[in-house]
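Structure file run_15.csv (CSV, C-alpha atoms (C1' of nucleotides)) follows.
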chain,number,residue,atom,x,y,z
S,1,MET,CA,0.0,0.0,0.0
S,2,GLN,CA,1.1,3.6,-0.7
S,3,ARG,CA,2.8,5.4,2.2
S,4,SER,CA,1.1,8.7,1.4
S,5,ILE,CA,-2.0,9.9,-0.5
S,6,THR,CA,-2.6,13.3,-2.0
S,7,ILE,CA,-6.1,14.6,-2.1
S,8,ALA,CA,-7.4,17.7,-3.9
S,9,SER,CA,-10.8,19.4,-3.6
S,10,TRP,CA,-12.1,21.9,-6.1
S,11,ASN,CA,-15.4,23.6,-6.7
S,12,ILE,CA,-15.0,23.5,-10.5
S,13,ASN,CA,-18.1,25.5,-11.6
S,14,SER,CA,-18.9,23.1,-14.5
S,15,VAL,CA,-16.5,20.3,-15.1
S,16,ARG,CA,-17.1,20.4,-18.9
S,17,ALA,CA,-16.1,24.1,-19.1
S,18,ARG,CA,-12.9,23.5,-17.1
S,19,MET,CA,-11.4,20.4,-18.7
S,20,PRO,CA,-8.2,22.2,-19.8
S,21,ILE,CA,-7.4,23.6,-16.3
S,22,VAL,CA,-8.4,20.4,-14.6
S,23,GLU,CA,-5.9,18.6,-16.8
S,24,ARG,CA,-3.3,21.2,-16.0
S,25,LEU,CA,-3.9,20.8,-12.2
S,26,LEU,CA,-3.5,17.0,-12.5
S,27,LYS,CA,-0.4,17.3,-14.6
S,28,GLU,CA,1.3,20.0,-12.5
S,29,HIS,CA,0.5,18.5,-9.1
S,30,HIS,CA,0.7,14.9,-7.9
S,31,VAL,CA,-3.0,14.2,-7.1
S,32,ASP,CA,-4.2,10.7,-6.2
S,33,ILE,CA,-7.8,11.6,-5.5
S,34,LEU,CA,-9.7,14.6,-6.9
S,35,CYS,CA,-13.0,15.7,-5.3
S,36,LEU,CA,-15.0,18.0,-7.5
S,37,GLN,CA,-18.1,20.1,-6.5
S,38,GLU,CA,-20.5,22.0,-8.8
S,39,THR,CA,-19.8,19.7,-11.7
S,40,LYS,CA,-23.1,20.8,-13.4
S,41,ALA,CA,-23.3,17.5,-15.3
S,42,ALA,CA,-25.6,14.6,-15.1
S,43,ASN,CA,-23.6,11.3,-14.9
S,44,ASP,CA,-24.3,10.4,-18.6
S,45,VAL,CA,-22.6,13.6,-19.8
S,46,PHE,CA,-19.8,13.6,-17.3
S,47,PRO,CA,-16.3,13.4,-19.0
S,48,ALA,CA,-15.5,10.1,-17.4
S,49,GLU,CA,-13.3,8.9,-20.3
S,50,PHE,CA,-11.2,12.1,-20.1
S,51,PHE,CA,-10.4,11.3,-16.4
S,52,ARG,CA,-9.8,7.6,-17.2
S,53,ARG,CA,-7.2,8.6,-19.8
S,54,LEU,CA,-5.4,10.7,-17.1
S,55,GLY,CA,-5.3,7.7,-14.9
S,56,TYR,CA,-8.3,8.4,-12.7
S,57,VAL,CA,-10.0,5.1,-13.4
S,58,HIS,CA,-11.8,4.8,-10.1
S,59,GLN,CA,-14.8,7.2,-10.2
S,60,GLN,CA,-17.8,7.9,-8.1
S,61,LEU,CA,-20.2,10.3,-9.8
S,62,ARG,CA,-23.1,12.0,-8.2
S,63,GLY,CA,-24.4,14.4,-10.8
S,64,GLN,CA,-27.6,16.0,-11.9
S,65,LYS,CA,-28.7,18.2,-14.8
S,66,MET,CA,-27.9,21.9,-14.7
S,67,HIS,CA,-26.9,22.5,-11.1
S,68,HIS,CA,-24.8,21.1,-8.2
S,69,GLY,CA,-23.2,17.7,-8.7
S,70,VAL,CA,-20.1,16.2,-7.0
S,71,ALA,CA,-17.6,13.6,-8.1
S,72,ILE,CA,-14.6,11.7,-6.8
S,73,LEU,CA,-11.9,10.7,-9.4
S,74,SER,CA,-9.2,8.5,-8.1
S,75,ARG,CA,-6.0,6.6,-9.1
S,76,LEU,CA,-6.6,4.4,-6.0
S,77,GLU,CA,-9.4,1.9,-5.5
S,78,LEU,CA,-12.6,3.2,-3.9
S,79,ALA,CA,-14.9,1.1,-1.8
S,80,ASP,CA,-18.3,1.4,-0.2
S,81,PRO,CA,-19.6,4.5,-2.0
S,82,GLY,CA,-22.5,6.3,-0.4
S,83,SER,CA,-24.4,9.5,-0.7
S,84,HIS,CA,-26.2,11.5,2.0
S,85,ASP,CA,-29.2,13.7,1.1
S,86,TRP,CA,-28.5,16.4,3.7
S,87,GLN,CA,-30.6,18.8,1.6
S,88,ASP,CA,-33.5,16.4,1.9
S,89,ASN,CA,-34.7,17.2,-1.6
S,90,GLY,CA,-32.7,14.9,-3.8
S,91,GLU,CA,-30.1,17.4,-4.9
S,92,ALA,CA,-26.7,15.9,-5.8
S,93,ARG,CA,-24.5,17.5,-3.1
S,94,HIS,CA,-22.6,14.6,-1.5
S,95,VAL,CA,-20.6,11.5,-2.3
S,96,GLY,CA,-18.4,9.5,-0.1
S,97,VAL,CA,-16.1,6.5,-0.4
S,98,ARG,CA,-13.7,4.4,1.7
S,99,LEU,CA,-10.0,4.0,0.8
S,100,ALA,CA,-8.1,0.7,1.1
S,101,CYS,CA,-6.3,2.2,4.2
S,102,GLY,CA,-9.6,2.4,6.0
S,103,ILE,CA,-10.1,6.2,5.8
S,104,ARG,CA,-13.3,7.6,4.4
S,105,ILE,CA,-13.4,10.6,2.0
S,106,GLU,CA,-16.6,12.6,2.1
S,107,ASN,CA,-17.1,15.2,-0.6
S,108,VAL,CA,-19.8,17.8,0.0
S,109,TYR,CA,-21.3,20.9,-1.6
S,110,VAL,CA,-23.2,22.9,1.0
S,111,PRO,CA,-25.9,25.1,-0.6
S,112,ALA,CA,-25.1,28.7,-1.1
S,113,GLY,CA,-28.2,29.9,0.8
S,114,GLY,CA,-29.6,32.6,-1.5
S,115,ASP,CA,-29.3,36.4,-0.9
S,116,THR,CA,-31.2,37.2,2.3
S,117,PRO,CA,-29.9,35.8,5.6
S,118,ASP,CA,-33.4,35.2,7.0
S,119,ARG,CA,-35.1,31.8,6.7
S,120,THR,CA,-38.6,33.4,7.0
S,121,LEU,CA,-38.0,35.6,3.9
S,122,ASN,CA,-35.6,33.2,2.1
S,123,PRO,CA,-36.3,29.5,2.2
S,124,LYS,CA,-32.9,28.8,0.7
S,125,PHE,CA,-31.2,30.2,3.8
S,126,GLY,CA,-33.2,27.8,6.0
S,127,GLN,CA,-32.3,24.9,3.7
S,128,LYS,CA,-28.6,25.8,4.2
S,129,LEU,CA,-28.9,25.9,8.0
S,130,ASP,CA,-30.8,22.6,8.0
S,131,PHE,CA,-28.2,21.0,5.7
S,132,ILE,CA,-25.5,21.9,8.2
S,133,ASP,CA,-27.6,20.7,11.1
S,134,ARG,CA,-28.1,17.3,9.4
S,135,MET,CA,-24.3,17.1,8.8
S,136,THR,CA,-24.0,17.8,12.6
S,137,VAL,CA,-26.2,14.9,13.5
S,138,TRP,CA,-24.3,12.7,11.2
S,139,SER,CA,-21.0,13.9,12.7
S,140,GLU,CA,-22.2,13.1,16.2
S,141,GLY,CA,-22.6,9.4,15.3
S,142,LEU,CA,-19.4,9.2,13.1
S,143,ARG,CA,-16.9,6.6,14.3
S,144,GLU,CA,-14.7,6.0,11.2
S,145,PRO,CA,-11.6,8.1,10.6
S,146,THR,CA,-12.7,10.6,7.9
S,147,LEU,CA,-11.5,13.4,5.7
S,148,ILE,CA,-14.4,15.6,4.7
S,149,VAL,CA,-13.7,18.2,1.9
S,150,GLY,CA,-15.6,20.5,-0.2
S,151,ASP,CA,-17.4,23.8,-0.7
S,152,PHE,CA,-18.9,24.5,2.7
S,153,ASN,CA,-20.1,28.0,1.6
S,154,VAL,CA,-19.3,29.4,5.0
S,155,ALA,CA,-16.3,31.6,5.9
S,156,PRO,CA,-16.2,31.0,9.6
S,157,LEU,CA,-13.4,33.3,11.0
S,158,GLU,CA,-13.2,37.1,10.8
S,159,CYS,CA,-9.9,36.7,8.9
S,160,ASP,CA,-11.7,34.3,6.4
S,161,VAL,CA,-13.2,37.3,4.5
S,162,TRP,CA,-11.8,40.5,3.1
S,163,SER,CA,-13.9,42.6,5.5
S,164,HIS,CA,-15.6,41.0,8.6
S,165,LYS,CA,-17.6,44.2,9.1
S,166,ALA,CA,-18.8,44.5,5.5
S,167,LEU,CA,-19.8,40.9,5.3
S,168,LEU,CA,-21.5,40.4,8.7
S,169,ASN,CA,-24.9,40.4,7.2
S,170,VAL,CA,-23.9,38.8,3.9
S,171,VAL,CA,-24.8,35.1,3.4
S,172,SER,CA,-21.6,33.0,3.9
S,173,HIS,CA,-20.4,35.0,6.9
S,174,THR,CA,-23.4,35.7,9.1
S,175,PRO,CA,-23.2,34.8,12.8
S,176,VAL,CA,-26.0,32.2,12.5
S,177,GLU,CA,-24.1,30.4,9.8
S,178,VAL,CA,-20.8,30.6,11.7
S,179,GLU,CA,-22.6,29.2,14.8
S,180,ALA,CA,-24.1,26.3,12.8
S,181,LEU,CA,-20.6,25.5,11.3
S,182,THR,CA,-19.0,25.7,14.8
S,183,GLN,CA,-21.6,23.2,16.1
S,184,LEU,CA,-20.8,20.9,13.2
S,185,GLN,CA,-17.1,21.1,13.8
S,186,GLN,CA,-17.6,20.4,17.5
S,187,ALA,CA,-19.9,17.4,16.9
S,188,HIS,CA,-16.9,15.3,15.8
S,189,GLY,CA,-14.0,17.4,17.0
S,190,TRP,CA,-13.2,18.0,13.3
S,191,VAL,CA,-9.7,19.5,12.7
S,192,ASP,CA,-9.7,22.4,10.3
S,193,ILE,CA,-6.7,21.5,8.1
S,194,GLY,CA,-6.7,24.9,6.4
S,195,ARG,CA,-6.2,26.8,9.7
S,196,ALA,CA,-3.8,24.1,11.0
S,197,PHE,CA,-1.4,24.9,8.2
S,198,VAL,CA,-2.3,28.6,7.7
S,199,PRO,CA,-2.9,29.8,11.2
S,200,ALA,CA,-5.4,32.7,11.7
S,201,PRO,CA,-5.2,35.6,11.1
S,202,GLU,CA,-3.1,34.8,8.0
S,203,ARG,CA,-4.9,35.5,4.7
S,204,CYS,CA,-6.3,32.2,3.2
S,205,PHE,CA,-9.0,32.9,0.6
S,206,THR,CA,-10.4,30.1,-1.7
S,207,TRP,CA,-13.0,32.1,-3.6
S,208,TRP,CA,-13.2,35.4,-5.5
S,209,SER,CA,-16.2,36.7,-7.3
S,210,TYR,CA,-16.2,36.7,-11.1
S,211,ARG,CA,-17.7,40.2,-11.0
S,212,SER,CA,-14.5,42.0,-10.3
S,213,PRO,CA,-12.6,42.6,-13.6
S,214,ASP,CA,-9.3,41.9,-11.7
S,215,PHE,CA,-9.8,39.8,-8.6
S,216,THR,CA,-6.3,40.6,-7.3
S,217,LYS,CA,-6.9,44.3,-7.3
S,218,ASN,CA,-9.2,44.6,-4.3
S,219,ASP,CA,-8.6,41.0,-3.2
S,220,ARG,CA,-12.2,40.6,-1.9
S,221,GLY,CA,-11.9,36.9,-1.3
S,222,ARG,CA,-13.5,34.5,1.2
S,223,ARG,CA,-12.4,31.1,2.6
S,224,LEU,CA,-15.5,29.0,1.6
S,225,ASP,CA,-13.8,25.8,0.8
S,226,HIS,CA,-12.5,23.5,3.5
S,227,MET,CA,-10.8,20.2,4.4
S,228,TRP,CA,-11.6,18.8,7.8
S,229,VAL,CA,-10.2,15.6,9.3
S,230,SER,CA,-11.1,13.4,12.2
S,231,PRO,CA,-9.0,14.1,15.3
S,232,SER,CA,-7.7,10.5,15.4
S,233,ILE,CA,-5.9,11.0,12.1
S,234,ALA,CA,-5.1,14.7,12.1
S,235,ALA,CA,-1.4,14.0,12.8
S,236,GLN,CA,-1.3,12.0,9.5
S,237,VAL,CA,-1.8,15.2,7.5
S,238,SER,CA,1.7,16.2,6.4
S,239,TRP,CA,1.0,19.3,4.4
S,240,HIS,CA,-1.8,21.4,2.9
S,241,LYS,CA,-2.0,24.1,0.3
S,242,VAL,CA,-4.5,26.5,-1.3
S,243,LEU,CA,-3.6,26.7,-4.9
S,244,GLU,CA,-4.4,30.4,-5.4
S,245,PRO,CA,-2.6,30.7,-8.7
S,246,CYS,CA,-5.3,28.6,-10.3
S,247,ARG,CA,-7.7,31.6,-10.0
S,248,SER,CA,-5.5,33.3,-12.7
S,249,TRP,CA,-5.5,30.4,-15.1
S,250,GLU,CA,-7.4,30.8,-18.4
S,251,ARG,CA,-11.2,30.5,-18.0
S,252,PRO,CA,-11.0,29.8,-14.3
S,253,SER,CA,-13.5,28.6,-11.7
S,254,ASP,CA,-14.3,31.3,-9.1
S,255,HIS,CA,-13.0,28.8,-6.5
S,256,VAL,CA,-9.4,27.5,-6.3
S,257,PRO,CA,-8.3,23.9,-5.4
S,258,LEU,CA,-7.3,22.8,-1.9
S,259,ILE,CA,-4.8,20.0,-1.6
S,260,CYS,CA,-3.4,17.9,1.3
S,261,GLU,CA,-1.3,14.8,1.9
S,262,LEU,CA,-2.2,12.0,4.2
S,263,ASN,CA,0.6,9.8,5.5
S,264,PHE,CA,0.6,6.3,6.9
I,265,DA,C1',-19.8,49.2,-5.9
I,266,DT,C1',-22.5,42.2,-3.1
I,267,DG,C1',-22.9,42.6,-8.2
I,268,DG,C1',-20.0,45.0,-12.2
I,269,DC,C1',-19.5,38.0,-14.4
I,270,DT,C1',-20.0,33.1,-15.7
I,271,DG,C1',-22.2,28.7,-16.8
I,272,DG,C1',-26.3,25.6,-18.3
I,273,DT,C1',-30.2,25.1,-21.0
I,274,DA,C1',-33.3,26.9,-23.7
I,275,DG,C1',-34.1,29.4,-27.5
I,276,DA,C1',-35.8,34.0,-21.7
I,277,DA,C1',-36.1,41.0,-20.4
I,278,DC,C1',-34.3,32.6,-18.0
I,279,DC,C1',-32.0,30.6,-13.5
I,280,DA,C1',-28.2,30.0,-10.2
I,281,DG,C1',-24.0,31.1,-7.9
I,282,DA,C1',-22.3,33.6,-3.0

Conversion result in structure tokens:
Amino acid sequence: MQRSITIASWNINSVRARMPIVERLLKEHHVDILCLQETKAANDVFPAEFFRRLGYVHQQLRGQKMHHGVAILSRLELADPGSHDWQDNGEARHVGVRLACGIRIENVYVPAGGDTPDRTLNPKFGQKLDFIDRMTVWSEGLREPTLIVGDFNVAPLECDVWSHKALLNVVSHTPVEVEALTQLQQAHGWVDIGRAFVPAPERCFTWWSYRSPDFTKNDRGRRLDHMWVSPSIAAQVSWHKVLEPCRSWERPSDHVPLICELNF
DNA sequence: ATGGCTGGTAGAACCAGA
């Protein structure tokens, strides 16, 4: 068995629109397992053969037409695939697998939550909070060593956004979302790999809006994407990076990849 | 100046993202 495994996570914002830069990521970085979110492709139009040719012959696809969709592409064998419906409406937002070493990989796309941070005015915001609450209940019962990655759509710390004050009432950084994510983290003692390797208050954004003509100019980023690991295997994570340069690649996603290595 | 853009799908003065 391999002594180490490299795992990447990327909200790709349409896998079919990003095939050149996905290929670039996989060729420039040693990635054993790639977790994608927002693939925007039903399974029958997912570019499975493209990934097979790159060596990612083990695949777990959880797609749907138009929106959402997640996938795990792997050079290593994947076992016991599963999918939680934490949204409770059938949307394709989670897929999980077990690796031969016994560790589970869970790949999640938490809903964005709409514009208004009030569940009485905006049902999508309530769905987001309920989604996180269902993940919390799941985490409370979790016994297997697990790495959970994905677009959590919450920037929890003050230093996880370009301006804490400006974003306090903006969905992704509101106190109620941060509280829900904190409860989720505590339910399993999840270790935030991002902040373990880039300690607060160091800048660590993973998303920049498309709306700015030059995202580097004002640097109005947020840390929405995360990798969390069970406390029992936290010491096995040897390094972690946020691949910020990918935001400047041609025809980019608005999110950048996260990558970490697990040792045995 | 948190939408100024981007994608999918339809063929929209659409929807969604966050």

Set the distance at 10 Å and use all atoms listed in the file: which residues neighbour region 268-276 of chain I once local chain neighbours fewer than 4 positions away are removed? I'd like the list as an MDAnalysis selection string. (chainID S and resid 13:14 16:17 40:41 65:67 209:213 251:254) or (chainID I and resid 280:281)

Interatomic distance between CA of Ala79 (chain S) and CA of Ser4 (chain S)?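 Going from CA of Ala79 (chain S) over to CA of Ser4 (chain S) covers 18.0 Å.
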
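Distance-wise, CA of Leu36 (chain S) and CA of Asn11 (chain S) end up 5.7 Å apart.
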
CA of Glu91 (chain S) and CA of Gln127 (chain S), how far apart in Å?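 CA of Gln127 (chain S) sits 11.6 Å away from CA of Glu91 (chain S).
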
Which residues are close to His188 (chain S), i.e. within 9 Å by all atoms listed in the file, leaving aside same-chain residues fewer than 2 positions away? Reply as a PyMOL selection string. chain S and resi 136+139-143+184-186+190-191+230-231

For Pro81 (chain S), work out the shell of residues within 12 Å, counting only C-alpha atoms (C1' of nucleotides) and skipping chain neighbours fewer than 3 positions away, then give it as a PyMOL selection string. chain S and resi 58-62+71-72+77-78+84+94-99+104-107

Out of S:Ile7, S:Val22, S:Val171, S:Ile148, which residue has the shortest atom-to-atom distance to chain I when counting all atoms listed in the file?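 Among the listed residues, S:Val171 lies closest to chain I.
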
Can you list, as a CSV table (one decimal) with C-alpha atoms (C1' of nucleotides), keeping the file's coordinate frame, every protein, DNA or RNA residue that comes within 9 Å of DT266 (chain I) when you count only C-alpha atoms (C1' of nucleotides), leaving out same-chain residues fewer than 4 positions away?
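Contents of around_12.csv, freshly written:
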chain,number,residue,atom,x,y,z
S,167,LEU,CA,-19.8,40.9,5.3
S,170,VAL,CA,-23.9,38.8,3.9
I,282,DA,C1',-22.3,33.6,-3.0

Name all residues at most 7 Å from region 47-57 of chain S (count all atoms listed in the file; drop same-chain ones fewer than 6 positions away) and give them as number ranges by chain. S: 73-75

For region 230-263 of chain S, supply N, CA and C atoms and format the output as a JSON list (two decimals), keeping the file's coordinate frame.
[["chain", "number", "residue", "atom", "x", "y", "z"],
["S", 230, "SER", "N", -10.85, 13.91, 10.89],
["S", 230, "SER", "CA", -11.10, 13.40, 12.20],
["S", 230, "SER", "C", -9.90, 13.58, 13.11],
["S", 231, "PRO", "N", -10.13, 13.88, 14.41],
["S", 231, "PRO", "CA", -9.00, 14.10, 15.30],
["S", 231, "PRO", "C", -8.04, 12.94, 15.40],
["S", 232, "SER", "N", -8.58, 11.71, 15.24],
["S", 232, "SER", "CA", -7.70, 10.50, 15.40],
["S", 232, "SER", "C", -6.68, 10.39, 14.29],
["S", 233, "ILE", "N", -6.88, 11.06, 13.15],
["S", 233, "ILE", "CA", -5.90, 11.00, 12.10],
["S", 233, "ILE", "C", -5.32, 12.32, 11.68],
["S", 234, "ALA", "N", -5.60, 13.33, 12.49],
["S", 234, "ALA", "CA", -5.10, 14.70, 12.10],
["S", 234, "ALA", "C", -3.61, 14.74, 12.02],
["S", 235, "ALA", "N", -2.91, 13.96, 12.84],
["S", 235, "ALA", "CA", -1.40, 14.00, 12.80],
["S", 235, "ALA", "C", -0.88, 13.37, 11.54],
["S", 236, "GLN", "N", -1.74, 12.67, 10.79],
["S", 236, "GLN", "CA", -1.30, 12.00, 9.50],
["S", 236, "GLN", "C", -1.32, 12.98, 8.35],
["S", 237, "VAL", "N", -1.85, 14.18, 8.55],
["S", 237, "VAL", "CA", -1.80, 15.20, 7.50],
["S", 237, "VAL", "C", -0.49, 15.86, 7.47],
["S", 238, "SER", "N", 0.29, 15.65, 6.41],
["S", 238, "SER", "CA", 1.70, 16.20, 6.40],
["S", 238, "SER", "C", 1.82, 17.55, 5.84],
["S", 239, "TRP", "N", 0.95, 17.90, 4.89],
["S", 239, "TRP", "CA", 1.00, 19.30, 4.40],
["S", 239, "TRP", "C", -0.37, 19.60, 3.72],
["S", 240, "HIS", "N", -0.58, 20.89, 3.48],
["S", 240, "HIS", "CA", -1.80, 21.40, 2.90],
["S", 240, "HIS", "C", -1.55, 22.70, 2.18],
["S", 241, "LYS", "N", -2.17, 22.88, 1.02],
["S", 241, "LYS", "CA", -2.00, 24.10, 0.30],
["S", 241, "LYS", "C", -3.32, 24.57, -0.32],
["S", 242, "VAL", "N", -3.47, 25.88, -0.45],
["S", 242, "VAL", "CA", -4.50, 26.50, -1.30],
["S", 242, "VAL", "C", -3.88, 26.96, -2.54],
["S", 243, "LEU", "N", -4.30, 26.44, -3.67],
["S", 243, "LEU", "CA", -3.60, 26.70, -4.90],
["S", 243, "LEU", "C", -4.17, 27.99, -5.57],
["S", 244, "GLU", "N", -3.86, 29.10, -4.93],
["S", 244, "GLU", "CA", -4.40, 30.40, -5.40],
["S", 244, "GLU", "C", -4.06, 30.75, -6.83],
["S", 245, "PRO", "N", -2.88, 30.38, -7.35],
["S", 245, "PRO", "CA", -2.60, 30.70, -8.70],
["S", 245, "PRO", "C", -3.61, 30.22, -9.75],
["S", 246, "CYS", "N", -4.33, 29.16, -9.40],
["S", 246, "CYS", "CA", -5.30, 28.60, -10.30],
["S", 246, "CYS", "C", -6.44, 29.61, -10.64],
["S", 247, "ARG", "N", -6.63, 30.59, -9.76],
["S", 247, "ARG", "CA", -7.70, 31.60, -10.00],
["S", 247, "ARG", "C", -7.29, 32.49, -11.20],
["S", 248, "SER", "N", -6.01, 32.51, -11.55],
["S", 248, "SER", "CA", -5.50, 33.30, -12.70],
["S", 248, "SER", "C", -5.37, 32.53, -13.96],
["S", 249, "TRP", "N", -5.64, 31.24, -13.92],
["S", 249, "TRP", "CA", -5.50, 30.40, -15.10],
["S", 249, "TRP", "C", -6.63, 30.83, -16.11],
["S", 250, "GLU", "N", -6.47, 30.40, -17.35],
["S", 250, "GLU", "CA", -7.40, 30.80, -18.40],
["S", 250, "GLU", "C", -8.80, 30.14, -18.14],
["S", 251, "ARG", "N", -9.82, 30.95, -18.28],
["S", 251, "ARG", "CA", -11.20, 30.50, -18.00],
["S", 251, "ARG", "C", -11.32, 29.77, -16.70],
["S", 252, "PRO", "N", -11.06, 30.50, -15.61],
["S", 252, "PRO", "CA", -11.00, 29.80, -14.30],
["S", 252, "PRO", "C", -12.35, 29.58, -13.67],
["S", 253, "SER", "N", -12.34, 28.70, -12.68],
["S", 253, "SER", "CA", -13.50, 28.60, -11.70],
["S", 253, "SER", "C", -13.31, 29.83, -10.80],
["S", 254, "ASP", "N", -14.40, 30.20, -10.13],
["S", 254, "ASP", "CA", -14.30, 31.30, -9.10],
["S", 254, "ASP", "C", -13.72, 30.75, -7.80],
["S", 255, "HIS", "N", -13.62, 29.42, -7.66],
["S", 255, "HIS", "CA", -13.00, 28.80, -6.50],
["S", 255, "HIS", "C", -11.59, 28.27, -6.94],
["S", 256, "VAL", "N", -10.68, 28.11, -5.98],
["S", 256, "VAL", "CA", -9.40, 27.50, -6.30],
["S", 256, "VAL", "C", -9.31, 26.13, -5.56],
["S", 257, "PRO", "N", -8.42, 25.24, -6.04],
["S", 257, "PRO", "CA", -8.30, 23.90, -5.40],
["S", 257, "PRO", "C", -7.59, 23.99, -4.06],
["S", 258, "LEU", "N", -7.98, 23.06, -3.20],
["S", 258, "LEU", "CA", -7.30, 22.80, -1.90],
["S", 258, "LEU", "C", -6.61, 21.43, -2.10],
["S", 259, "ILE", "N", -5.45, 21.26, -1.47],
["S", 259, "ILE", "CA", -4.80, 20.00, -1.60],
["S", 259, "ILE", "C", -4.06, 19.64, -0.30],
["S", 260, "CYS", "N", -4.07, 18.36, 0.05],
["S", 260, "CYS", "CA", -3.40, 17.90, 1.30],
["S", 260, "CYS", "C", -2.81, 16.53, 1.05],
["S", 261, "GLU", "N", -1.87, 16.16, 1.90],
["S", 261, "GLU", "CA", -1.30, 14.80, 1.90],
["S", 261, "GLU", "C", -1.56, 14.10, 3.18],
["S", 262, "LEU", "N", -1.99, 12.85, 3.05],
["S", 262, "LEU", "CA", -2.20, 12.00, 4.20],
["S", 262, "LEU", "C", -1.07, 10.94, 4.24],
["S", 263, "ASN", "N", -0.43, 10.78, 5.37],
["S", 263, "ASN", "CA", 0.60, 9.80, 5.50],
["S", 263, "ASN", "C", 0.18, 8.60, 6.35]]
